[in-house]
Amino acid sequence: MSFLDPAMESKENIINRASRKRPFLVNHHLLNQIRSAKKRVVLGELTDSENINLTQSSDYKENLKPISELRQAENGYGVEEYVKSDHYVSLGSIQNKKFLNTPLIYQHLRLLEIEEKRRPLPNYMEKVQKDVTVGMREVLVDWLVEVAEEYKLVSDTLFLTVSYIDRFLSSHSLSRNKLQLLGVSSMLVASKFEEISPPHVEDYCYITDNTYTKEEVVQMEGDLLKYLNSELNNPTPKTFLRIFIRAAQEDSLLSCPSFEFLSWFLVELSLLDYSCLRFLPSMVAASAIFLARFTLQPDKHPWGLAMQCYSGYGPSELKDCVLAVHDLQLNRKASSSQAVREKYSQHKFKCVATLPCPSEILDSYFEDTDE
């Protein structure tokens, strides 16, 4: 049975069909095989992929940090060391002086996220798609959240998956009965890139209740890789969130698991909302930090001078994105997609999805501060 029926009776029917498929998601025998494997899949083993060139500039290559160090910093570890080292950004080293207190790895990621080839069109539904709708995209992402949970995939895999989907849909008009195929093929590519022991093609066929054959998934994987042109390592909101969390946790009151989990919850909610594509990943991550601090400490300004200097974003710049994510947090659009809320209502995530949040944010919190 197809994930998105061509008849498309209603979004509710789609969700019901997806819900009925949930028992089919878990193949414990395959999961045990996946978890028992210990060998990391190297980049060169990605199907039909080419060697990744980080930059065309040989001068720039000579100044790049080793990949292991870049990866470590990108994952949120060693950020303090970058800040304290001679790689600290000075006034004369950049044209935009608002990044005064920012490590160079963050500067590199900010440059990557604005590259046109790495960004989806914020209006691709209106400009490109003729059969796929915003509601279908939301249902697909909600289902992929469940798949990632069932297969114990890291969150980076989920974020990359959604990024690949949006980028592909920005240039390819797709029929609705192929949307789930794109979803599982995108997760197949993302899991090969991020996971130590990624699920196999057969696993992704299985979780669609064998709606698609192995050959169809492999063909879509090849089409996706060809379009991405090996630009697989996209900065996502989760990439920036790790960096911002480390900076925000300098406040001892926020050095608690609830703050980190709440930030994760908010940034994951943004994946469901097509309208959030108009915001850069770094802005979504900063807005999640803003809202997490506001939720836990509503009487304190959520975005002080330290975070403003570190992120390069002032409160006024974050306003539109913060309000958009705040609406998602309060479920003001009455979305029926519940996978993210159910996930973060679990005790292992401190039930952060159930934390109350004030319905209004003071206008003064969106004013730049010198304190």
# chains A, B, ... in the order shown; residues from 1 in each chain; ligands from 1
call {"tool": "residues_around", "arguments": {"residues": "segment 273-287 of chain A", "least_positions_apart": "5", "cutoff": "7 Å", "atoms": "only C-alpha atoms", "output": "tab-separated table (two decimals) with C-alpha atoms, in the first residue's frame"}}
result
chain	number	residue	atom	x	y	z
A	122	PRO	CA	11.41	28.54	0.93
A	134	VAL	CA	2.52	21.12	2.65
A	138	GLU	CA	4.32	17.28	7.41
A	236	THR	CA	21.45	21.77	10.06
A	237	PRO	CA	19.74	23.41	13.05
A	238	LYS	CA	21.05	20.54	15.19
A	240	PHE	CA	24.31	24.90	15.44
A	241	LEU	CA	22.26	23.88	18.46
A	244	PHE	CA	24.76	27.35	21.22
A	267	VAL	CA	14.34	22.57	17.07
A	318	LEU	CA	15.29	36.44	16.06
A	321	CYS	CA	11.62	32.86	14.02
A	322	VAL	CA	11.09	32.76	17.80
call {"tool": "residues_around", "arguments": {"residues": "Pro120 of chain A", "least_positions_apart": "4", "cutoff": "10 Å", "atoms": "only C-alpha atoms", "output": "ChimeraX atom specification"}}
result
/A:116,124,163-171,277-278
call {"tool": "atom_distance", "arguments": {"atom1": "atom CA of Val340 of chain A", "atom2": "atom CA of Cys357 of chain A"}}
result
17.0 Å
call {"tool": "atom_distance", "arguments": {"atom1": "atom CA of Arg341 of chain A", "atom2": "atom CA of Ala247 of chain A"}}
result
26.0 Å
call {"tool": "atom_distance", "arguments": {"atom1": "atom CA of Ser186 of chain A", "atom2": "atom CA of Ser336 of chain A"}}
result
23.7 Å
call {"tool": "select_by_dssp", "arguments": {"residues": "segment 117-202 of chain A", "states": "helix (DSSP H, G or I)", "output": "ChimeraX atom specification"}}
result
/A:117-118,124-127,134-150,155-169,176-194,201-202
call {"tool": "closest_residue", "arguments": {"among": "A:Asn229, A:Val162, A:Cys351, A:Leu224", "to": "Val141 of chain A", "atoms": "only C-alpha atoms"}}
result
A:Val162
call {"tool": "residues_around", "arguments": {"residues": "Glu216 of chain A", "least_positions_apart": "5", "cutoff": "12 Å", "atoms": "only C-alpha atoms", "output": "list in words"}}
result
Lys178, Gln180, Leu181, Leu182, Val184, Ser185, Val201, Glu202, Tyr204, Cys205, Asn210, Thr211, Glu221, Gly222 and Asp223 of chain A
call {"tool": "write_last_selection", "arguments": {"atoms": "C-alpha atoms", "output": "PDB file, in the first residue's frame"}}
result
ATOM      1  CA  LYS A 178       6.736   8.791  -4.716  1.00  0.00           C
ATOM      2  CA  GLN A 180       7.580   8.261   0.804  1.00  0.00           C
ATOM      3  CA  LEU A 181      10.121   6.734  -1.576  1.00  0.00           C
ATOM      4  CA  LEU A 182      12.063   9.997  -1.500  1.00  0.00           C
ATOM      5  CA  VAL A 184      13.266   6.563   2.869  1.00  0.00           C
ATOM      6  CA  SER A 185      15.918   7.068   0.188  1.00  0.00           C
ATOM      7  CA  VAL A 201      18.149  -0.966   1.808  1.00  0.00           C
ATOM      8  CA  GLU A 202      15.979  -3.969   2.695  1.00  0.00           C
ATOM      9  CA  TYR A 204      13.882   0.729   4.415  1.00  0.00           C
ATOM     10  CA  CYS A 205      11.746  -1.357   2.076  1.00  0.00           C
ATOM     11  CA  ASN A 210       7.257  -3.247   0.980  1.00  0.00           C
ATOM     12  CA  THR A 211       5.416  -0.539  -0.891  1.00  0.00           C
ATOM     13  CA  GLU A 221      19.059   7.002  -3.891  1.00  0.00           C
ATOM     14  CA  GLY A 222      21.123   7.387  -7.061  1.00  0.00           C
ATOM     15  CA  ASP A 223      18.926  10.228  -8.337  1.00  0.00           C
TER      16      ASP A 223
END
call {"tool": "closest_residue", "arguments": {"among": "A:Tyr151, A:Trp143, A:Tyr344, A:Phe265", "to": "Thr208 of chain A", "atoms": "only C-alpha atoms"}}
result
A:Trp143
call {"tool": "closest_residue", "arguments": {"among": "A:Leu323, A:Leu188, A:Ile196, A:Val145", "to": "Leu362 of chain A", "atoms": "only C-alpha atoms"}}
result
A:Leu323
call {"tool": "closest_residue", "arguments": {"among": "A:Asp327, A:Ala148, A:Glu215, A:Ser173", "to": "Met187 of chain A", "atoms": "only C-alpha atoms"}}
result
A:Ala148
